[in-house]
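To be precise, the following lines are input_25.cif, and they hold mmCIF, C-alpha atoms and all ligand atoms.
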data_input
loop_
_atom_site.group_PDB
_atom_site.id
_atom_site.type_symbol
_atom_site.label_atom_id
_atom_site.label_comp_id
_atom_site.auth_asym_id
_atom_site.auth_seq_id
_atom_site.Cartn_x
_atom_site.Cartn_y
_atom_site.Cartn_z
ATOM 1 C CA MET A 21 -32.490 -85.352 -105.548
ATOM 2 C CA THR A 22 -29.135 -85.096 -107.243
ATOM 3 C CA PRO A 23 -27.112 -87.983 -108.604
ATOM 4 C CA ALA A 24 -24.267 -87.178 -106.161
ATOM 5 C CA SER A 25 -24.309 -90.184 -103.883
ATOM 6 C CA ASN A 26 -22.568 -91.512 -100.835
ATOM 7 C CA TYR A 27 -22.226 -95.247 -101.312
ATOM 8 C CA ARG A 28 -20.558 -95.934 -97.964
ATOM 9 C CA GLY A 29 -22.285 -97.887 -95.283
ATOM 10 C CA PHE A 30 -25.750 -98.364 -96.710
ATOM 11 C CA MET A 31 -27.772 -101.513 -96.287
ATOM 12 C CA SER A 32 -29.303 -102.931 -99.399
ATOM 13 C CA GLU A 33 -31.070 -106.082 -98.236
ATOM 14 C CA LEU A 34 -34.350 -107.043 -99.869
ATOM 15 C CA GLN A 35 -36.838 -106.435 -97.051
ATOM 16 C CA PRO A 36 -40.274 -108.055 -97.362
ATOM 17 C CA LEU A 37 -43.110 -105.673 -96.575
ATOM 18 C CA GLY A 38 -46.117 -107.792 -97.428
ATOM 19 C CA GLU A 39 -47.449 -110.191 -100.029
ATOM 20 C CA GLY A 40 -45.335 -109.720 -103.169
ATOM 21 C CA ILE A 41 -43.740 -106.442 -102.120
ATOM 22 C CA PHE A 42 -40.254 -105.603 -100.864
ATOM 23 C CA VAL A 43 -38.232 -102.487 -100.174
ATOM 24 C CA VAL A 44 -34.483 -101.958 -100.493
ATOM 25 C CA ASP A 45 -32.712 -99.049 -98.824
ATOM 26 C CA GLY A 46 -30.111 -97.340 -100.975
ATOM 27 C CA PRO A 47 -27.239 -94.974 -100.290
ATOM 28 C CA VAL A 48 -27.642 -91.542 -98.782
ATOM 29 C CA VAL A 49 -27.693 -88.771 -101.399
ATOM 30 C CA ARG A 50 -27.348 -85.033 -100.831
ATOM 31 C CA ASP A 51 -29.610 -82.349 -102.215
ATOM 32 C CA MET A 52 -29.282 -78.676 -101.209
ATOM 33 C CA GLY A 53 -27.188 -79.647 -98.190
ATOM 34 C CA LEU A 54 -29.699 -82.167 -96.881
ATOM 35 C CA PRO A 55 -28.819 -85.850 -96.648
ATOM 36 C CA PHE A 56 -31.624 -88.013 -98.041
ATOM 37 C CA GLU A 57 -32.179 -91.651 -97.303
ATOM 38 C CA THR A 58 -33.209 -93.444 -100.499
ATOM 39 C CA ARG A 59 -35.428 -96.449 -101.036
ATOM 40 C CA MET A 60 -36.749 -98.477 -103.913
ATOM 41 C CA THR A 61 -39.805 -100.697 -104.044
ATOM 42 C CA VAL A 62 -39.810 -104.122 -105.669
ATOM 43 C CA VAL A 63 -43.115 -105.775 -106.580
ATOM 44 C CA GLN A 64 -43.518 -109.346 -107.714
ATOM 45 C CA LEU A 65 -46.511 -109.135 -110.057
ATOM 46 C CA SER A 66 -49.019 -111.967 -110.174
ATOM 47 C CA ASP A 67 -47.753 -112.960 -113.643
ATOM 48 C CA GLY A 68 -44.357 -113.630 -112.040
ATOM 49 C CA SER A 69 -42.538 -110.614 -113.461
ATOM 50 C CA VAL A 70 -40.862 -107.933 -111.383
ATOM 51 C CA TRP A 71 -41.816 -104.237 -111.239
ATOM 52 C CA ILE A 72 -39.455 -101.750 -109.615
ATOM 53 C CA ALA A 73 -40.081 -98.155 -108.559
ATOM 54 C CA SER A 74 -37.235 -95.648 -108.019
ATOM 55 C CA PRO A 75 -34.357 -98.123 -108.377
ATOM 56 C CA VAL A 76 -31.268 -97.523 -106.218
ATOM 57 C CA PRO A 77 -27.754 -99.003 -106.346
ATOM 58 C CA VAL A 78 -27.655 -102.404 -104.600
ATOM 59 C CA ARG A 79 -25.104 -105.050 -103.773
ATOM 60 C CA TYR A 80 -24.665 -107.974 -106.110
ATOM 61 C CA ALA A 81 -26.288 -110.369 -103.596
ATOM 62 C CA THR A 82 -29.409 -108.203 -103.514
ATOM 63 C CA LEU A 83 -29.475 -108.006 -107.284
ATOM 64 C CA ALA A 84 -29.338 -111.807 -107.400
ATOM 65 C CA GLU A 85 -32.234 -112.035 -104.922
ATOM 66 C CA ILE A 86 -34.321 -109.705 -107.084
ATOM 67 C CA GLY A 87 -33.436 -111.725 -110.173
ATOM 68 C CA ALA A 88 -34.606 -114.869 -108.380
ATOM 69 C CA LEU A 89 -38.071 -113.342 -107.894
ATOM 70 C CA GLY A 90 -38.647 -113.299 -111.649
ATOM 71 C CA PRO A 91 -37.739 -111.391 -114.806
ATOM 72 C CA VAL A 92 -37.314 -107.648 -114.197
ATOM 73 C CA ARG A 93 -39.772 -106.227 -116.723
ATOM 74 C CA TYR A 94 -40.719 -102.752 -115.525
ATOM 75 C CA LEU A 95 -38.518 -99.920 -114.223
ATOM 76 C CA VAL A 96 -40.611 -97.013 -113.040
ATOM 77 C CA SER A 97 -39.960 -93.465 -111.814
ATOM 78 C CA PRO A 98 -43.234 -92.243 -110.283
ATOM 79 C CA THR A 99 -41.655 -88.870 -109.418
ATOM 80 C CA PRO A 100 -39.806 -86.361 -111.629
ATOM 81 C CA ARG A 101 -36.858 -86.403 -109.221
ATOM 82 C CA HIS A 102 -36.006 -90.083 -109.655
ATOM 83 C CA HIS A 103 -35.970 -90.295 -113.438
ATOM 84 C CA TRP A 104 -32.144 -90.300 -113.448
ATOM 85 C CA ARG A 105 -32.139 -93.443 -111.347
ATOM 86 C CA LEU A 106 -33.547 -95.458 -114.246
ATOM 87 C CA ASN A 107 -30.311 -95.177 -116.230
ATOM 88 C CA GLU A 108 -28.188 -97.580 -114.225
ATOM 89 C CA TRP A 109 -30.895 -100.237 -114.049
ATOM 90 C CA HIS A 110 -31.625 -99.831 -117.731
ATOM 91 C CA ARG A 111 -28.036 -100.922 -118.364
ATOM 92 C CA LEU A 112 -28.555 -103.916 -116.057
ATOM 93 C CA PHE A 113 -31.891 -104.866 -117.610
ATOM 94 C CA PRO A 114 -31.930 -103.422 -121.145
ATOM 95 C CA ASP A 115 -35.094 -105.315 -122.068
ATOM 96 C CA ALA A 116 -37.133 -103.913 -119.186
ATOM 97 C CA GLU A 117 -39.779 -101.324 -120.021
ATOM 98 C CA LEU A 118 -39.083 -97.790 -118.747
ATOM 99 C CA TRP A 119 -41.958 -95.734 -117.355
ATOM 100 C CA SER A 120 -41.888 -92.244 -115.847
ATOM 101 C CA SER A 121 -44.178 -89.615 -114.429
ATOM 102 C CA PRO A 122 -44.768 -86.751 -116.914
ATOM 103 C CA VAL A 123 -41.491 -85.038 -117.788
ATOM 104 C CA THR A 124 -41.325 -81.353 -116.792
ATOM 105 C CA ALA A 125 -38.664 -78.748 -115.966
ATOM 106 C CA PHE A 126 -38.557 -80.410 -112.522
ATOM 107 C CA THR A 127 -37.508 -83.764 -113.956
ATOM 108 C CA LEU A 128 -33.977 -84.793 -113.063
ATOM 109 C CA ARG A 129 -32.633 -86.718 -116.021
ATOM 110 C CA ARG A 130 -29.353 -88.118 -117.214
ATOM 111 C CA GLY A 131 -29.586 -87.875 -120.965
ATOM 112 C CA LYS A 132 -32.658 -89.047 -122.810
ATOM 113 C CA LEU A 133 -33.990 -92.479 -122.052
ATOM 114 C CA GLY A 134 -36.392 -94.125 -124.455
ATOM 115 C CA LEU A 135 -39.527 -94.428 -122.352
ATOM 116 C CA THR A 136 -42.110 -97.106 -122.999
ATOM 117 C CA GLY A 137 -44.734 -94.792 -121.601
ATOM 118 C CA VAL A 138 -45.697 -91.988 -119.273
ATOM 119 C CA LEU A 139 -47.641 -92.869 -116.152
ATOM 120 C CA GLY A 140 -51.235 -91.662 -116.334
ATOM 121 C CA ALA A 141 -54.535 -92.061 -114.554
ATOM 122 C CA LYS A 142 -54.998 -95.672 -115.551
ATOM 123 C CA PRO A 143 -52.512 -98.459 -114.862
ATOM 124 C CA PRO A 144 -51.198 -100.228 -117.962
ATOM 125 C CA ASP A 145 -52.703 -103.685 -118.460
ATOM 126 C CA ALA A 146 -49.280 -105.152 -117.670
ATOM 127 C CA TRP A 147 -49.611 -104.365 -113.965
ATOM 128 C CA ALA A 148 -53.279 -103.472 -113.484
ATOM 129 C CA ALA A 149 -53.985 -106.760 -111.706
ATOM 130 C CA ASP A 150 -51.708 -105.791 -108.841
ATOM 131 C CA LEU A 151 -51.196 -102.031 -108.915
ATOM 132 C CA ASP A 152 -53.437 -99.001 -109.321
ATOM 133 C CA GLN A 153 -52.156 -95.471 -109.899
ATOM 134 C CA THR A 154 -53.294 -91.875 -109.941
ATOM 135 C CA PRO A 155 -51.518 -88.616 -110.789
ATOM 136 C CA ILE A 156 -51.302 -86.007 -108.045
ATOM 137 C CA ARG A 157 -52.607 -82.972 -109.900
ATOM 138 C CA GLY A 158 -52.474 -79.254 -109.235
ATOM 139 C CA SER A 159 -48.849 -78.458 -110.112
ATOM 140 C CA ARG A 160 -47.460 -77.609 -113.532
ATOM 141 C CA TRP A 161 -43.988 -78.726 -112.527
ATOM 142 C CA PHE A 162 -44.138 -81.430 -109.912
ATOM 143 C CA LYS A 163 -46.079 -84.352 -111.301
ATOM 144 C CA GLU A 164 -45.775 -87.373 -109.047
ATOM 145 C CA VAL A 165 -47.962 -90.412 -109.611
ATOM 146 C CA ALA A 166 -49.215 -92.272 -106.543
ATOM 147 C CA ILE A 167 -49.244 -96.064 -106.723
ATOM 148 C CA PHE A 168 -51.360 -98.537 -104.738
ATOM 149 C CA HIS A 169 -50.397 -102.198 -104.333
ATOM 150 C CA HIS A 170 -53.643 -104.091 -103.769
ATOM 151 C CA PRO A 171 -52.347 -107.399 -102.330
ATOM 152 C CA SER A 172 -50.421 -105.762 -99.483
ATOM 153 C CA ARG A 173 -52.631 -102.658 -99.098
ATOM 154 C CA THR A 174 -49.557 -100.465 -99.532
ATOM 155 C CA LEU A 175 -49.432 -96.904 -100.853
ATOM 156 C CA LEU A 176 -46.272 -95.765 -102.625
ATOM 157 C CA LEU A 177 -45.383 -92.089 -102.519
ATOM 158 C CA GLU A 178 -41.891 -91.028 -103.460
ATOM 159 C CA ASP A 179 -40.983 -87.384 -102.889
ATOM 160 C CA ILE A 180 -44.310 -85.779 -102.153
ATOM 161 C CA ILE A 181 -44.336 -86.801 -98.474
ATOM 162 C CA GLN A 182 -41.056 -86.995 -96.623
ATOM 163 C CA ALA A 183 -40.152 -87.554 -92.963
ATOM 164 C CA HIS A 184 -36.696 -86.735 -91.646
ATOM 165 C CA GLU A 185 -35.579 -87.660 -88.133
ATOM 166 C CA HIS A 186 -34.194 -85.039 -85.780
ATOM 167 C CA ARG A 187 -30.387 -85.292 -85.833
ATOM 168 C CA PRO A 188 -28.840 -84.492 -82.451
ATOM 169 C CA GLY A 189 -25.776 -82.254 -82.792
ATOM 170 C CA HIS A 190 -26.773 -80.903 -86.221
ATOM 171 C CA PRO A 191 -28.703 -77.676 -85.509
ATOM 172 C CA MET A 192 -28.393 -76.294 -89.046
ATOM 173 C CA LEU A 193 -29.618 -79.521 -90.550
ATOM 174 C CA ASN A 194 -32.543 -79.677 -88.128
ATOM 175 C CA ALA A 195 -33.401 -76.070 -88.959
ATOM 176 C CA LEU A 196 -33.456 -76.913 -92.674
ATOM 177 C CA ILE A 197 -35.657 -79.924 -92.023
ATOM 178 C CA ALA A 198 -38.070 -77.788 -89.981
ATOM 179 C CA LEU A 199 -38.095 -75.027 -92.593
ATOM 180 C CA GLY A 200 -38.747 -77.575 -95.290
ATOM 181 C CA GLY A 201 -41.784 -78.878 -93.391
ATOM 182 C CA VAL A 202 -40.487 -82.442 -93.442
ATOM 183 C CA LYS A 203 -39.855 -83.318 -89.792
ATOM 184 C CA ALA A 204 -40.305 -86.842 -88.440
ATOM 185 C CA ASP A 205 -44.105 -86.539 -88.362
ATOM 186 C CA GLY A 206 -44.071 -86.206 -92.141
ATOM 187 C CA GLY A 207 -44.983 -83.475 -94.576
ATOM 188 C CA VAL A 208 -44.984 -82.271 -98.155
ATOM 189 C CA PRO A 209 -41.648 -80.459 -98.710
ATOM 190 C CA ARG A 210 -42.204 -76.715 -98.855
ATOM 191 C CA ASP A 211 -40.528 -76.299 -102.257
ATOM 192 C CA ILE A 212 -42.850 -78.905 -103.730
ATOM 193 C CA ARG A 213 -45.865 -77.479 -101.894
ATOM 194 C CA LEU A 214 -45.267 -74.052 -103.430
ATOM 195 C CA THR A 215 -45.668 -75.462 -106.932
ATOM 196 C CA PHE A 216 -49.212 -76.668 -106.200
ATOM 197 C CA ARG A 217 -51.209 -73.662 -107.422
ATOM 198 C CA ASN A 218 -54.456 -75.483 -108.101
ATOM 199 C CA ARG A 219 -55.271 -76.767 -104.661
ATOM 200 C CA GLU A 220 -58.741 -77.960 -105.564
ATOM 201 C CA ALA A 221 -57.221 -80.296 -108.120
ATOM 202 C CA THR A 222 -54.674 -81.500 -105.579
ATOM 203 C CA ARG A 223 -57.403 -82.045 -102.992
ATOM 204 C CA ARG A 224 -59.335 -84.180 -105.484
ATOM 205 C CA SER A 225 -56.192 -86.233 -106.165
ATOM 206 C CA VAL A 226 -55.557 -86.742 -102.455
ATOM 207 C CA ASP A 227 -59.189 -87.753 -101.936
ATOM 208 C CA ARG A 228 -58.771 -90.275 -104.743
ATOM 209 C CA ILE A 229 -55.697 -91.682 -102.967
ATOM 210 C CA LEU A 230 -57.600 -91.849 -99.685
ATOM 211 C CA ARG A 231 -60.284 -93.969 -101.366
ATOM 212 C CA TRP A 232 -57.718 -96.747 -101.711
ATOM 213 C CA ASP A 233 -57.825 -99.219 -98.840
ATOM 214 C CA PHE A 234 -54.206 -98.796 -97.775
ATOM 215 C CA ASP A 235 -52.693 -99.304 -94.354
ATOM 216 C CA LYS A 236 -48.963 -99.122 -95.149
ATOM 217 C CA LEU A 237 -46.979 -96.331 -96.783
ATOM 218 C CA VAL A 238 -43.611 -96.479 -98.518
ATOM 219 C CA MET A 239 -41.876 -93.125 -98.893
ATOM 220 C CA ALA A 240 -38.605 -92.785 -100.748
ATOM 221 C CA HIS A 241 -37.291 -90.505 -98.014
ATOM 222 C CA GLY A 242 -38.499 -91.493 -94.582
ATOM 223 C CA PRO A 243 -39.324 -94.581 -92.564
ATOM 224 C CA VAL A 244 -41.748 -97.178 -93.911
ATOM 225 C CA VAL A 245 -45.108 -96.658 -92.206
ATOM 226 C CA THR A 246 -46.276 -100.205 -91.494
ATOM 227 C CA ALA A 247 -49.687 -99.380 -89.983
ATOM 228 C CA GLY A 248 -52.032 -96.414 -89.739
ATOM 229 C CA ALA A 249 -50.720 -94.793 -92.886
ATOM 230 C CA ARG A 250 -54.083 -93.275 -93.815
ATOM 231 C CA ARG A 251 -53.961 -90.814 -90.900
ATOM 232 C CA PHE A 252 -50.336 -90.014 -91.711
ATOM 233 C CA VAL A 253 -51.251 -89.116 -95.298
ATOM 234 C CA GLU A 254 -54.326 -87.104 -94.255
ATOM 235 C CA ASP A 255 -52.208 -85.055 -91.854
ATOM 236 C CA ALA A 256 -49.431 -84.459 -94.395
ATOM 237 C CA PHE A 257 -51.932 -82.889 -96.807
ATOM 238 C CA SER A 258 -53.959 -80.931 -94.238
ATOM 239 C CA TRP A 259 -52.312 -77.668 -95.471
ATOM 240 C CA LEU A 260 -54.463 -77.977 -98.591
ATOM 241 C CA ASP A 261 -57.483 -76.961 -96.544
ATOM 242 C CA THR A 262 -56.105 -74.755 -93.809
ATOM 243 C CA GLN A 263 -53.427 -72.322 -94.968
ATOM 244 C CA ARG A 264 -51.485 -70.845 -97.814
ATOM 245 C CA ALA A 265 -48.331 -72.817 -98.632
HETATM 246 FE FE FE A 301 -36.483 -88.315 -104.061
#

Have the structure of the file written as structure tokens, please.
Amino acid sequence: MTPASNYRGFMSELQPLGEGIFVVDGPVVRDMGLPFETRMTVVQLSDGSVWIASPVPVRYATLAEIGALGPVRYLVSPTPRHHWRLNEWHRLFPDAELWSSPVTAFTLRRGKLGLTGVLGAKPPDAWAADLDQTPIRGSRWFKEVAIFHHPSRTLLLEDIIQAHEHRPGHPMLNALIALGGVKADGGVPRDIRLTFRNREATRRSVDRILRWDFDKLVMAHGPVVTAGARRFVEDAFSWLDTQRA
């Protein structure tokens, strides 16, 4: 995802998804000719502070609503492609801790941010009461960290599964979506899939994710899956067992 954004006409309301969890849809951004919907996740931790994954530009009214939830203490990029999004929110909340998935050649950054930490296999004590996390292993370059919100039984995946609607009247776009393996029924984008060389490690990571008792799924690029997300995730990773990427 590139920082080139289209700020026109996006809705940025704080949308409740479950107990202590909200999503906000951001502007459409373009990457390799494809328009991407964007979304951030806002979690009100049980200590009253606010944790945000993949922050997007929002209207002032939405910013005020988020501020009313509690102090914004954690800004998190669970995927290498959203690291650059931390910059703007770091200026808004300079005291918030900055956390990122491991930085690789795939990481899209704007300058060097001073990170508090890199997301690993164990959630920091600061949010362990509400959120669990696990790295999706098997790729040297694409290192996303999956997050599970216990109170709402929601799984957060950012770039690793995407679902793009068919766009009538845009045959080239639909062809790109199909080639990328990210049609409306969801999939791991082909360019990301190709970086997963150690499939056994990836399979173990996916099995670890599937041990979480989730029912909802938030993707950064695709609709929110409000029920039956387990099957959706199983299907999106079925290529691990059945074919070469
Ligand atoms: Fe993304």

Please build the interface table for chain A against ligand FE 301 (chain A) with a cut-off of 7 Å, listing for each qualifying residue the nearest atom pair and the distance in Å to one decimal; count all atoms listed in the file, order rows by chain and increasing number, and write it as JSON lines.
{"residue": "A:Met21", "atom": "CA", "partner": "A:FE301", "partner_atom": "FE", "distance": 5.2}
{"residue": "A:Arg101", "atom": "CA", "partner": "A:FE301", "partner_atom": "FE", "distance": 5.5}
{"residue": "A:His102", "atom": "CA", "partner": "A:FE301", "partner_atom": "FE", "distance": 5.9}
{"residue": "A:Glu178", "atom": "CA", "partner": "A:FE301", "partner_atom": "FE", "distance": 6.1}
{"residue": "A:Asp179", "atom": "CA", "partner": "A:FE301", "partner_atom": "FE", "distance": 4.7}
{"residue": "A:Ala240", "atom": "CA", "partner": "A:FE301", "partner_atom": "FE", "distance": 6.0}
{"residue": "A:His241", "atom": "CA", "partner": "A:FE301", "partner_atom": "FE", "distance": 6.5}

Please save C-alpha atoms of the selected residues as a compact mmCIF listing (two decimals), in the frame of the given file.
# COMPACT_ATOMS: atom_id res chain seq x y z
CA MET A 21 -32.49 -85.35 -105.55
CA ARG A 101 -36.86 -86.40 -109.22
CA HIS A 102 -36.01 -90.08 -109.66
CA GLU A 178 -41.89 -91.03 -103.46
CA ASP A 179 -40.98 -87.38 -102.89
CA ALA A 240 -38.60 -92.78 -100.75
CA HIS A 241 -37.29 -90.50 -98.01

### Query
Interatomic distance between atom CA of Asp261 of chain A and atom CA of Glu220 of chain A?
9.2 Å

#### Entry: Target residues per the PyMOL selection byres (((chain A and resi 200) around 10) and not hetatm), formatted as an MDAnalysis selection string
chainID A and resid 182 194:199 201:203 207:213

### Task
State, in Å with one decimal place, the distance from atom CA of Gly206 of chain A to atom CA of Thr127 of chain A.
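It comes out at 22.9 Å.
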
Picked residues, the PyMOL selection byres (((chain A and resi 32) around 6) and not hetatm), expected as an mmCIF file with C-alpha atoms, keeping the file's coordinate frame:
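Output (selection.cif):
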data_model
loop_
_atom_site.group_PDB
_atom_site.id
_atom_site.type_symbol
_atom_site.label_atom_id
_atom_site.label_comp_id
_atom_site.auth_asym_id
_atom_site.auth_seq_id
_atom_site.Cartn_x
_atom_site.Cartn_y
_atom_site.Cartn_z
ATOM 1 C CA MET A 31 -27.772 -101.513 -96.287
ATOM 2 C CA GLU A 33 -31.070 -106.082 -98.236
ATOM 3 C CA VAL A 44 -34.483 -101.958 -100.493
ATOM 4 C CA ASP A 45 -32.712 -99.049 -98.824
ATOM 5 C CA GLY A 46 -30.111 -97.340 -100.975
ATOM 6 C CA VAL A 78 -27.655 -102.404 -104.600
#

### Which of A:Val70, A:Ile167, A:Ala125, A:Val253 sits closest to Asp227 of chain A [using all atoms listed in the file]
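Going through A:Val70, A:Ile167, A:Ala125, A:Val253 one by one, the smallest distance to Asp227 of chain A is for A:Val253.
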
### Task
Expand the PyMOL selection byres (((chain A and resi 72) around 8) and not hetatm) into the individual residues it matches in the shown file, reporting them as a list in words.
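So the PyMOL selection byres (((chain A and resi 72) around 8) and not hetatm) ends up selecting Met60, Thr61, Val62, Val63, Val70, Trp71, Ala73, Ser74, Pro75, Val92, Tyr94, Leu95 and Val96 of chain A.
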
### Query
With all atoms listed in the file as the basis for distance, which of A:Ala146, A:Ser120, A:Pro77, A:Leu135 is at the shortest distance from Arg93 of chain A?
A:Ala146

### Task
Would you please work out which residue, of A:Asp235, A:Glu39, A:Glu254, A:Glu117, is nearest to Gln64 of chain A when using only C-alpha atoms?
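Using only C-alpha atoms, Gln64 of chain A sits closest to A:Glu39.
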
#### Entry: Residue nearest Pro243 of chain A among A:Arg157, A:His184, A:Arg79, A:Arg105 (counting only C-alpha atoms)
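Of the candidates, the smallest distance to Pro243 of chain A is held by A:His184.
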
### Query
Do you have the atom CA of Pro155 of chain A-atom CA of Thr215 of chain A distance handy?
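Taking atom CA of Pro155 of chain A as the start and atom CA of Thr215 of chain A as the end point, the length is 14.9 Å.
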
Starting from 5 Å padding per side, set up an axis-aligned box that covers all listed atoms of segment 249-253 of chain A and hand over centre and edge lengths in Å, one decimal, as lines of an AutoDock Vina configuration file.
center_x = -52.2
center_y = -92.0
center_z = -93.1
size_x = 13.7
size_y = 15.7
size_z = 14.4
